[in-house]
>>> print(open('data-v7.cif').read())   # mmCIF, C-alpha atoms
data_model
#
loop_
_atom_site.label_atom_id
_atom_site.label_comp_id
_atom_site.auth_asym_id
_atom_site.auth_seq_id
_atom_site.Cartn_x
_atom_site.Cartn_y
_atom_site.Cartn_z
CA MET A 24 -6.78 -17.55 -1.85
CA ARG A 25 -3.35 -17.92 -3.47
CA PHE A 26 0.11 -16.37 -3.68
CA TYR A 27 1.34 -14.47 -6.72
CA GLY A 28 4.48 -16.61 -6.64
CA LYS A 29 5.66 -19.68 -4.73
CA GLY A 30 4.57 -18.20 -1.42
CA LEU A 31 5.72 -18.96 2.09
CA PRO A 32 6.75 -22.52 2.97
CA LYS A 33 4.17 -24.57 4.90
CA CYS A 34 1.43 -21.97 4.35
CA GLN A 35 -1.78 -23.83 3.43
CA VAL A 36 -3.82 -21.26 1.54
CA ASN A 37 -6.99 -23.35 1.87
CA GLU A 38 -6.86 -22.59 5.60
CA LEU A 39 -7.07 -18.83 4.99
CA THR A 40 -10.78 -18.22 5.42
CA GLY A 41 -10.66 -14.48 5.99
CA LYS A 42 -10.61 -11.65 3.45
CA LEU A 43 -7.71 -9.42 2.42
CA ILE A 44 -8.73 -5.94 1.27
CA VAL A 45 -6.11 -3.41 0.16
CA ILE A 46 -6.39 0.37 0.04
CA GLU A 47 -3.64 1.84 -2.14
CA GLY A 48 -2.55 5.39 -2.81
CA THR A 49 0.25 7.87 -2.20
CA ASP A 50 0.77 10.08 0.87
CA GLY A 51 -2.18 12.43 1.27
CA SER A 52 -4.55 10.31 -0.81
CA GLY A 53 -6.78 9.59 2.20
CA ARG A 54 -5.89 5.90 2.65
CA SER A 55 -5.65 5.97 6.43
CA THR A 56 -8.97 7.78 6.74
CA GLN A 57 -10.69 5.23 4.52
CA VAL A 58 -9.14 2.29 6.40
CA ARG A 59 -10.44 3.79 9.65
CA LEU A 60 -13.93 4.33 8.20
CA LEU A 61 -14.00 0.81 6.76
CA THR A 62 -12.90 -0.65 10.09
CA GLU A 63 -15.74 1.14 11.87
CA TRP A 64 -18.23 0.02 9.21
CA LEU A 65 -17.11 -3.62 9.23
CA GLU A 66 -16.89 -3.93 12.99
CA GLY A 67 -20.29 -2.28 13.30
CA ARG A 68 -21.60 -5.16 11.22
CA GLY A 69 -19.92 -7.75 13.39
CA PHE A 70 -16.80 -8.50 11.33
CA ALA A 71 -13.50 -8.88 13.17
CA THR A 72 -10.79 -6.80 11.47
CA VAL A 73 -7.02 -6.36 11.58
CA ASN A 74 -5.16 -3.38 10.12
CA VAL A 75 -1.71 -3.66 8.57
CA GLY A 76 0.50 -1.26 6.62
CA LEU A 77 4.01 -0.33 5.62
CA LYS A 78 6.76 0.04 8.23
CA ARG A 79 4.78 -1.72 10.95
CA SER A 80 6.73 -4.95 11.44
CA THR A 81 8.41 -5.66 14.76
CA LEU A 82 11.46 -6.96 12.89
CA VAL A 83 12.76 -3.95 10.92
CA SER A 84 10.29 -1.07 11.10
CA MET A 85 12.34 0.96 13.59
CA GLU A 86 15.58 0.28 11.71
CA LEU A 87 13.94 1.26 8.41
CA GLU A 88 12.61 4.49 9.89
CA GLN A 89 16.03 5.37 11.30
CA ALA A 90 17.78 4.55 8.02
CA MET A 91 15.40 6.78 6.08
CA GLN A 92 16.15 9.72 8.35
CA GLY A 93 19.64 9.93 6.87
CA ASN A 94 18.32 10.29 3.30
CA THR A 95 21.19 8.10 2.05
CA LEU A 96 19.60 4.71 1.27
CA SER A 97 20.17 3.27 -2.19
CA PRO A 98 17.07 2.14 -4.13
CA ILE A 99 18.01 -1.56 -3.81
CA THR A 100 18.62 -1.30 -0.05
CA LEU A 101 15.31 0.52 0.36
CA SER A 102 13.52 -2.21 -1.62
CA LEU A 103 15.02 -4.99 0.49
CA PHE A 104 14.18 -3.16 3.71
CA TYR A 105 10.53 -2.82 2.68
CA ALA A 106 10.35 -6.40 1.39
CA THR A 107 11.63 -7.66 4.76
CA ASP A 108 9.13 -5.48 6.61
CA PHE A 109 6.29 -6.78 4.43
CA ALA A 110 7.31 -10.45 4.69
CA ASP A 111 7.48 -10.22 8.48
CA GLN A 112 3.97 -8.76 8.66
CA LEU A 113 2.67 -11.37 6.23
CA GLU A 114 3.96 -14.24 8.34
CA ASN A 115 3.14 -12.85 11.78
CA ASN A 116 0.06 -10.68 11.24
CA ILE A 117 -1.71 -11.19 7.91
CA ILE A 118 -1.69 -14.99 7.63
CA PRO A 119 -2.67 -15.66 11.28
CA ALA A 120 -5.54 -13.18 10.97
CA LEU A 121 -6.78 -14.75 7.73
CA LYS A 122 -6.58 -18.20 9.33
CA ALA A 123 -8.78 -16.90 12.13
CA GLY A 124 -11.35 -15.66 9.61
CA PHE A 125 -10.62 -11.96 10.13
CA ILE A 126 -10.92 -9.25 7.50
CA VAL A 127 -7.45 -7.79 6.98
CA LEU A 128 -7.40 -4.16 5.83
CA ALA A 129 -4.04 -3.23 4.35
CA ASP A 130 -3.07 0.43 4.25
CA ARG A 131 -0.91 -0.02 1.10
CA TYR A 132 0.53 -3.24 -0.27
CA ILE A 133 3.21 -4.43 -2.71
CA TYR A 134 1.82 -2.21 -5.48
CA THR A 135 3.07 0.93 -3.73
CA LEU A 136 6.45 -0.69 -3.17
CA MET A 137 6.71 -1.75 -6.81
CA ALA A 138 5.56 1.64 -8.14
CA ARG A 139 8.11 3.49 -6.01
CA ASP A 140 10.91 1.13 -6.99
CA LEU A 141 10.05 1.33 -10.69
CA VAL A 142 10.11 5.13 -10.60
CA ARG A 143 13.54 4.86 -8.97
CA GLY A 144 14.78 2.75 -11.87
CA GLY A 145 14.29 -0.72 -10.41
CA ASN A 146 14.37 -3.79 -12.65
CA PRO A 147 10.74 -4.89 -13.23
CA GLU A 148 11.52 -8.62 -13.35
CA TRP A 149 13.66 -8.52 -10.21
CA LEU A 150 11.01 -6.56 -8.32
CA LYS A 151 8.25 -8.93 -9.42
CA LYS A 152 10.33 -11.89 -8.26
CA ILE A 153 11.08 -10.29 -4.88
CA TYR A 154 7.51 -9.24 -4.08
CA SER A 155 5.47 -12.03 -5.69
CA ALA A 156 7.09 -14.67 -3.50
CA ILE A 157 5.82 -12.97 -0.35
CA SER A 158 2.44 -11.68 -1.52
CA LEU A 159 -1.02 -13.16 -1.29
CA VAL A 160 -3.46 -12.16 -4.00
CA PRO A 161 -5.94 -9.86 -2.22
CA ASP A 162 -9.70 -10.32 -2.45
CA ALA A 163 -9.94 -6.68 -3.52
CA VAL A 164 -7.58 -3.77 -4.19
CA PHE A 165 -8.72 -0.15 -4.39
CA TYR A 166 -6.35 2.57 -5.56
CA LEU A 167 -7.28 6.11 -4.46
CA ASP A 168 -6.38 8.26 -7.45
CA VAL A 169 -5.71 11.86 -6.38
CA SER A 170 -4.29 14.75 -8.40
CA PRO A 171 -0.71 15.69 -7.35
CA ARG A 172 -1.89 19.27 -6.76
CA TYR A 173 -4.44 18.01 -4.24
CA LEU A 174 -1.74 15.88 -2.61
CA ILE A 175 0.46 18.90 -1.91
CA ASP A 176 -2.38 20.70 -0.16
CA ARG A 177 -3.34 17.64 1.87
CA ASN A 178 0.24 16.90 2.92
CA PHE A 179 0.74 20.48 4.08
CA ARG A 180 -2.49 20.44 6.07
CA LYS A 181 -1.44 17.17 7.70
CA LYS A 182 2.31 17.62 8.21
CA SER A 183 3.09 21.26 7.28
CA THR A 184 5.86 19.90 5.06
CA LEU A 185 6.64 17.57 2.16
CA ASP A 186 8.38 14.24 2.75
CA TYR A 187 11.86 13.81 1.26
CA TRP A 188 11.18 10.30 -0.06
CA GLU A 189 7.61 10.93 -1.20
CA SER A 190 8.93 13.91 -3.15
CA GLY A 191 11.54 11.80 -4.94
CA MET A 192 14.37 14.06 -3.79
CA ASP A 193 16.69 11.04 -3.61
CA ILE A 194 16.54 10.59 -7.40
CA ARG A 195 17.17 14.29 -8.10
CA LEU A 196 14.16 15.09 -10.24
CA SER A 197 14.52 18.74 -9.21
CA ARG A 198 16.32 20.82 -6.61
CA ASP A 199 13.01 22.38 -5.63
CA ILE A 200 11.04 20.01 -3.37
CA PHE A 201 7.65 21.26 -4.66
CA ASP A 202 8.61 20.69 -8.28
CA SER A 203 10.20 17.34 -7.39
CA PHE A 204 7.05 16.26 -5.53
CA ILE A 205 4.84 17.00 -8.54
CA ARG A 206 7.18 15.18 -10.94
CA PHE A 207 7.57 12.18 -8.63
CA GLN A 208 3.84 11.86 -8.00
CA ARG A 209 3.10 12.04 -11.73
CA LYS A 210 5.60 9.25 -12.36
CA LEU A 211 4.02 7.21 -9.54
CA LYS A 212 0.59 7.75 -11.04
CA ALA A 213 1.83 6.46 -14.39
CA GLU A 214 3.29 3.36 -12.75
CA PHE A 215 0.07 2.70 -10.83
CA SER A 216 -1.82 2.97 -14.11
CA ARG A 217 0.43 0.30 -15.61
CA LEU A 218 0.18 -1.92 -12.53
CA GLN A 219 -3.60 -1.54 -12.52
CA LYS A 220 -3.76 -3.11 -15.97
CA GLU A 221 -1.45 -5.94 -14.91
CA TYR A 222 -3.03 -6.70 -11.53
CA ASN A 223 -6.58 -5.60 -12.34
CA PHE A 224 -7.36 -3.50 -9.28
CA ALA A 225 -10.08 -0.88 -9.00
CA VAL A 226 -9.32 2.83 -9.40
CA ILE A 227 -11.30 5.12 -7.11
CA ASN A 228 -11.69 8.88 -7.60
CA GLY A 229 -9.91 10.16 -4.50
CA ASN A 230 -10.55 13.85 -5.18
CA ARG A 231 -13.99 13.59 -3.57
CA ALA A 232 -15.07 14.11 0.04
CA PRO A 233 -14.10 11.26 2.44
CA LYS A 234 -17.73 10.27 3.06
CA ALA A 235 -18.46 9.90 -0.67
CA ILE A 236 -15.37 7.74 -1.11
CA ALA A 237 -16.31 5.63 1.93
CA LEU A 238 -19.80 4.94 0.56
CA ASP A 239 -18.29 4.00 -2.80
CA LEU A 240 -15.90 1.54 -1.12
CA GLN A 241 -18.66 0.02 0.99
CA LYS A 242 -20.77 -0.69 -2.10
CA ARG A 243 -17.82 -2.38 -3.80
CA ILE A 244 -16.83 -4.42 -0.73
CA GLU A 245 -20.36 -5.56 0.16
CA PRO A 246 -20.41 -8.44 -2.41
CA ILE A 247 -17.05 -9.72 -1.15
CA LEU A 248 -18.28 -10.16 2.39
CA GLY A 249 -20.90 -12.68 1.42
CA SER A 250 -18.74 -14.70 -0.93
#
>>> encode(input="data-v7.cif", output="structure tokens")
Amino acid sequence: MRFYGKGLPKCQVNELTGKLIVIEGTDGSGRSTQVRLLTEWLEGRGFATVNVGLKRSTLVSMELEQAMQGNTLSPITLSLFYATDFADQLENNIIPALKAGFIVLADRYIYTLMARDLVRGGNPEWLKKIYSAISLVPDAVFYLDVSPRYLIDRNFRKKSTLDYWESGMDIRLSRDIFDSFIRFQRKLKAEFSRLQKEYNFAVINGNRAPKAIALDLQKRIEPILGS
């Protein structure tokens, strides 16, 4: 295991004997469902697992959530908030779990953060520098690719509304939240496509039934467990 960049001080990557598996995708893509199904599958086979995700750090998650309620954060402030949240989880959750030989399942990773920031006009080199220094290279990354039209339906079934930030309303793509959501998600999809080529992660057809996706993921993860 290694870091994309310099990494955290005093972290001996040779001591990280666990596995880091990332499930990527936008809101409504089915990530959380697949993480839950993978956790049940892995633990049923005797593997100890730990789940991590965005906005779950004890350091800034509550402050980030509160700041986002006001819908006034600048793109740079939002990036730094998320980077701090991620770095805190890396140091206090991900690395200790990997040292203990656990399988860490990440419900989104730096790729989501970078894709969002790039759509919001972030500088690619600055973003790479910020996130690479605090990011381990995962053992596997799976991006759930779902049509924006499906995402609208799934978000409404789950929340009965569309999220301000996930709809890109802060960058004024459209005054209509439905139109803005479609435009923002299409831009995200394009950025994920570019990042996939750079970071070489697997693209999974997320338009299928959850069980079919779960079986697909299990087949792809199986070889990693024995390596």
>>> closest_residue(input="data-v7.cif", among="A:Val169, A:Lys122, A:Ala237, A:Gly51", to="Ser183 (chain A)", atoms="only C-alpha atoms")
A:Gly51
>>> closest_residue(input="data-v7.cif", among="A:Leu60, A:Ala138, A:Leu185, A:Leu65", to="Gly48 (chain A)", atoms="only C-alpha atoms")
A:Ala138
>>> closest_residue(input="data-v7.cif", among="A:Trp188, A:Phe26, A:Tyr222, A:Phe201", to="Arg143 (chain A)", atoms="only C-alpha atoms")
A:Trp188
>>> atom_distance(input="data-v7.cif", atom1="CA of Ile44 (chain A)", atom2="CA of Lys151 (chain A)")
20.3 Å
>>> atom_distance(input="data-v7.cif", atom1="CA of Pro32 (chain A)", atom2="CA of Leu113 (chain A)")
12.3 Å
>>> closest_residue(input="data-v7.cif", among="A:Leu238, A:Cys34, A:Ile194, A:Leu167", to="Asn115 (chain A)", atoms="only C-alpha atoms")
A:Cys34
>>> residues_around(input="data-v7.cif", residues="Arg172 (chain A)", least_positions_apart="4", cutoff="9 Å", atoms="all atoms listed in the file", output="list of chain:residue names")
A:Asp176, A:Arg177, A:Ile205
>>> resolve_selection(input="data-v7.cif", expression="the PyMOL selection byres ((chain A and resi 124) around 12)", output="mmCIF file with C-alpha atoms, in the frame of the given file")
data_model
loop_
_atom_site.group_PDB
_atom_site.id
_atom_site.type_symbol
_atom_site.label_atom_id
_atom_site.label_comp_id
_atom_site.auth_asym_id
_atom_site.auth_seq_id
_atom_site.Cartn_x
_atom_site.Cartn_y
_atom_site.Cartn_z
ATOM 1 C CA ASN A 37 -6.990 -23.350 1.870
ATOM 2 C CA GLU A 38 -6.860 -22.590 5.600
ATOM 3 C CA LEU A 39 -7.070 -18.830 4.990
ATOM 4 C CA THR A 40 -10.780 -18.220 5.420
ATOM 5 C CA GLY A 41 -10.660 -14.480 5.990
ATOM 6 C CA LYS A 42 -10.610 -11.650 3.450
ATOM 7 C CA LEU A 43 -7.710 -9.420 2.420
ATOM 8 C CA PHE A 70 -16.800 -8.500 11.330
ATOM 9 C CA ALA A 71 -13.500 -8.880 13.170
ATOM 10 C CA THR A 72 -10.790 -6.800 11.470
ATOM 11 C CA VAL A 73 -7.020 -6.360 11.580
ATOM 12 C CA ILE A 117 -1.710 -11.190 7.910
ATOM 13 C CA ILE A 118 -1.690 -14.990 7.630
ATOM 14 C CA PRO A 119 -2.670 -15.660 11.280
ATOM 15 C CA ALA A 120 -5.540 -13.180 10.970
ATOM 16 C CA LEU A 121 -6.780 -14.750 7.730
ATOM 17 C CA LYS A 122 -6.580 -18.200 9.330
ATOM 18 C CA ALA A 123 -8.780 -16.900 12.130
ATOM 19 C CA PHE A 125 -10.620 -11.960 10.130
ATOM 20 C CA ILE A 126 -10.920 -9.250 7.500
ATOM 21 C CA VAL A 127 -7.450 -7.790 6.980
ATOM 22 C CA LEU A 248 -18.280 -10.160 2.390
#
>>> closest_residue(input="data-v7.cif", among="A:Ser97, A:Gln89, A:Gln112, A:Thr49", to="Asn74 (chain A)", atoms="only C-alpha atoms")
A:Gln112
>>> residues_around(input="data-v7.cif", residues="region 173-175 of chain A", least_positions_apart="6", cutoff="12 Å", atoms="only C-alpha atoms", output="VMD selection string")
chain A and resid 48 to 53 167 181 to 186 189 to 190 200 to 209 212 229 to 231
>>> closest_residue(input="data-v7.cif", among="A:Lys78, A:Lys234, A:Arg59, A:Arg25", to="Ala110 (chain A)", atoms="all atoms listed in the file")
A:Lys78
>>> residues_around(input="data-v7.cif", residues="Gly28 (chain A)", least_positions_apart="2", cutoff="6 Å", atoms="all atoms listed in the file", output="PDB file with C-alpha atoms, keeping the file's coordinate frame")
ATOM      1  CA  PHE A  26       0.110 -16.370  -3.680  1.00  0.00           C
ATOM      2  CA  GLY A  30       4.570 -18.200  -1.420  1.00  0.00           C
ATOM      3  CA  SER A 155       5.470 -12.030  -5.690  1.00  0.00           C
ATOM      4  CA  ALA A 156       7.090 -14.670  -3.500  1.00  0.00           C
TER       5      ALA A 156
END
>>> atom_distance(input="data-v7.cif", atom1="CA of Asp239 (chain A)", atom2="CA of Ile227 (chain A)")
8.3 Å
>>> residues_near_point(input="data-v7.cif", point="(5.5, 2.3, -15.4)", cutoff="10 Å", atoms="all atoms listed in the file", output="short mmCIF file (atom, residue, chain, number, x, y, z; two decimals) with C-alpha atoms, keeping the file's coordinate frame")
data_model
loop_
_atom_site.label_atom_id
_atom_site.label_comp_id
_atom_site.auth_asym_id
_atom_site.auth_seq_id
_atom_site.Cartn_x
_atom_site.Cartn_y
_atom_site.Cartn_z
CA MET A 137 6.71 -1.75 -6.81
CA ALA A 138 5.56 1.64 -8.14
CA ARG A 139 8.11 3.49 -6.01
CA LEU A 141 10.05 1.33 -10.69
CA VAL A 142 10.11 5.13 -10.60
CA GLY A 144 14.78 2.75 -11.87
CA PRO A 147 10.74 -4.89 -13.23
CA LYS A 210 5.60 9.25 -12.36
CA LEU A 211 4.02 7.21 -9.54
CA LYS A 212 0.59 7.75 -11.04
CA ALA A 213 1.83 6.46 -14.39
CA GLU A 214 3.29 3.36 -12.75
CA PHE A 215 0.07 2.70 -10.83
CA SER A 216 -1.82 2.97 -14.11
CA ARG A 217 0.43 0.30 -15.61
CA LEU A 218 0.18 -1.92 -12.53
#
>>> resolve_selection(input="data-v7.cif", expression="the PyMOL selection byres ((chain A and resi 107) around 12)", output="compact mmCIF listing (two decimals) with C-alpha atoms, keeping the file's coordinate frame")
# COMPACT_ATOMS: atom_id res chain seq x y z
CA LEU A 77 4.01 -0.33 5.62
CA LYS A 78 6.76 0.04 8.23
CA ARG A 79 4.78 -1.72 10.95
CA SER A 80 6.73 -4.95 11.44
CA THR A 81 8.41 -5.66 14.76
CA LEU A 82 11.46 -6.96 12.89
CA VAL A 83 12.76 -3.95 10.92
CA SER A 84 10.29 -1.07 11.10
CA GLU A 86 15.58 0.28 11.71
CA LEU A 87 13.94 1.26 8.41
CA THR A 100 18.62 -1.30 -0.05
CA LEU A 101 15.31 0.52 0.36
CA SER A 102 13.52 -2.21 -1.62
CA LEU A 103 15.02 -4.99 0.49
CA PHE A 104 14.18 -3.16 3.71
CA TYR A 105 10.53 -2.82 2.68
CA ALA A 106 10.35 -6.40 1.39
CA ASP A 108 9.13 -5.48 6.61
CA PHE A 109 6.29 -6.78 4.43
CA ALA A 110 7.31 -10.45 4.69
CA ASP A 111 7.48 -10.22 8.48
CA GLN A 112 3.97 -8.76 8.66
CA LEU A 113 2.67 -11.37 6.23
CA GLU A 114 3.96 -14.24 8.34
CA ILE A 133 3.21 -4.43 -2.71
CA LEU A 136 6.45 -0.69 -3.17
CA ILE A 153 11.08 -10.29 -4.88
CA TYR A 154 7.51 -9.24 -4.08
CA ALA A 156 7.09 -14.67 -3.50
CA ILE A 157 5.82 -12.97 -0.35
CA SER A 158 2.44 -11.68 -1.52
>>> decode(input="data-v7.cif", residues="region 65-84 of chain A", atoms="N, CA and C atoms", output="mmCIF file, in the first residue's frame")
data_model
loop_
_atom_site.group_PDB
_atom_site.id
_atom_site.type_symbol
_atom_site.label_atom_id
_atom_site.label_comp_id
_atom_site.auth_asym_id
_atom_site.auth_seq_id
_atom_site.Cartn_x
_atom_site.Cartn_y
_atom_site.Cartn_z
ATOM 1 N N LEU A 65 -18.918 -9.787 3.480
ATOM 2 C CA LEU A 65 -17.565 -9.953 4.009
ATOM 3 C C LEU A 65 -17.573 -10.493 5.438
ATOM 4 N N GLU A 66 -18.420 -9.930 6.268
ATOM 5 C CA GLU A 66 -18.477 -10.392 7.651
ATOM 6 C C GLU A 66 -19.023 -11.806 7.746
ATOM 7 N N GLY A 67 -19.902 -12.165 6.804
ATOM 8 C CA GLY A 67 -20.404 -13.535 6.755
ATOM 9 C C GLY A 67 -19.319 -14.532 6.408
ATOM 10 N N ARG A 68 -18.248 -14.023 5.797
ATOM 11 C CA ARG A 68 -17.115 -14.878 5.443
ATOM 12 C C ARG A 68 -15.970 -14.758 6.454
ATOM 13 N N GLY A 69 -16.238 -14.027 7.513
ATOM 14 C CA GLY A 69 -15.258 -13.947 8.593
ATOM 15 C C GLY A 69 -14.289 -12.784 8.525
ATOM 16 N N PHE A 70 -14.516 -11.821 7.627
ATOM 17 C CA PHE A 70 -13.630 -10.666 7.522
ATOM 18 C C PHE A 70 -14.143 -9.523 8.404
ATOM 19 N N ALA A 71 -13.253 -8.956 9.194
ATOM 20 C CA ALA A 71 -13.607 -7.790 9.999
ATOM 21 C C ALA A 71 -13.629 -6.562 9.092
ATOM 22 N N THR A 72 -14.657 -5.744 9.205
ATOM 23 C CA THR A 72 -14.798 -4.585 8.321
ATOM 24 C C THR A 72 -15.033 -3.305 9.118
ATOM 25 N N VAL A 73 -14.674 -2.200 8.501
ATOM 26 C CA VAL A 73 -14.941 -0.862 9.031
ATOM 27 C C VAL A 73 -15.477 -0.024 7.886
ATOM 28 N N ASN A 74 -16.535 0.740 8.143
ATOM 29 C CA ASN A 74 -17.122 1.608 7.127
ATOM 30 C C ASN A 74 -16.760 3.062 7.391
ATOM 31 N N VAL A 75 -16.355 3.769 6.347
ATOM 32 C CA VAL A 75 -16.080 5.195 6.453
ATOM 33 C C VAL A 75 -16.780 5.904 5.302
ATOM 34 N N GLY A 76 -16.877 7.231 5.399
ATOM 35 C CA GLY A 76 -17.533 7.995 4.338
ATOM 36 C C GLY A 76 -17.362 9.474 4.570
ATOM 37 N N LEU A 77 -17.940 10.281 3.695
ATOM 38 C CA LEU A 77 -17.801 11.723 3.815
ATOM 39 C C LEU A 77 -18.611 12.263 4.985
ATOM 40 N N LYS A 78 -18.122 13.332 5.561
ATOM 41 C CA LYS A 78 -18.779 14.036 6.676
ATOM 42 C C LYS A 78 -19.022 13.123 7.874
ATOM 43 N N ARG A 79 -18.023 12.306 8.213
ATOM 44 C CA ARG A 79 -18.165 11.416 9.361
ATOM 45 C C ARG A 79 -17.067 11.608 10.405
ATOM 46 N N SER A 80 -16.209 12.595 10.220
ATOM 47 C CA SER A 80 -15.134 12.796 11.189
ATOM 48 C C SER A 80 -15.687 13.429 12.460
ATOM 49 N N THR A 81 -15.013 13.182 13.562
ATOM 50 C CA THR A 81 -15.409 13.803 14.832
ATOM 51 C C THR A 81 -14.870 15.227 14.940
ATOM 52 N N LEU A 82 -13.981 15.594 14.020
ATOM 53 C CA LEU A 82 -13.337 16.905 14.083
ATOM 54 C C LEU A 82 -14.192 18.014 13.492
ATOM 55 N N VAL A 83 -14.717 17.802 12.268
ATOM 56 C CA VAL A 83 -15.420 18.910 11.593
ATOM 57 C C VAL A 83 -16.748 18.521 10.957
ATOM 58 N N SER A 84 -17.191 17.286 11.103
ATOM 59 C CA SER A 84 -18.396 16.866 10.385
ATOM 60 C C SER A 84 -19.624 17.691 10.760
#
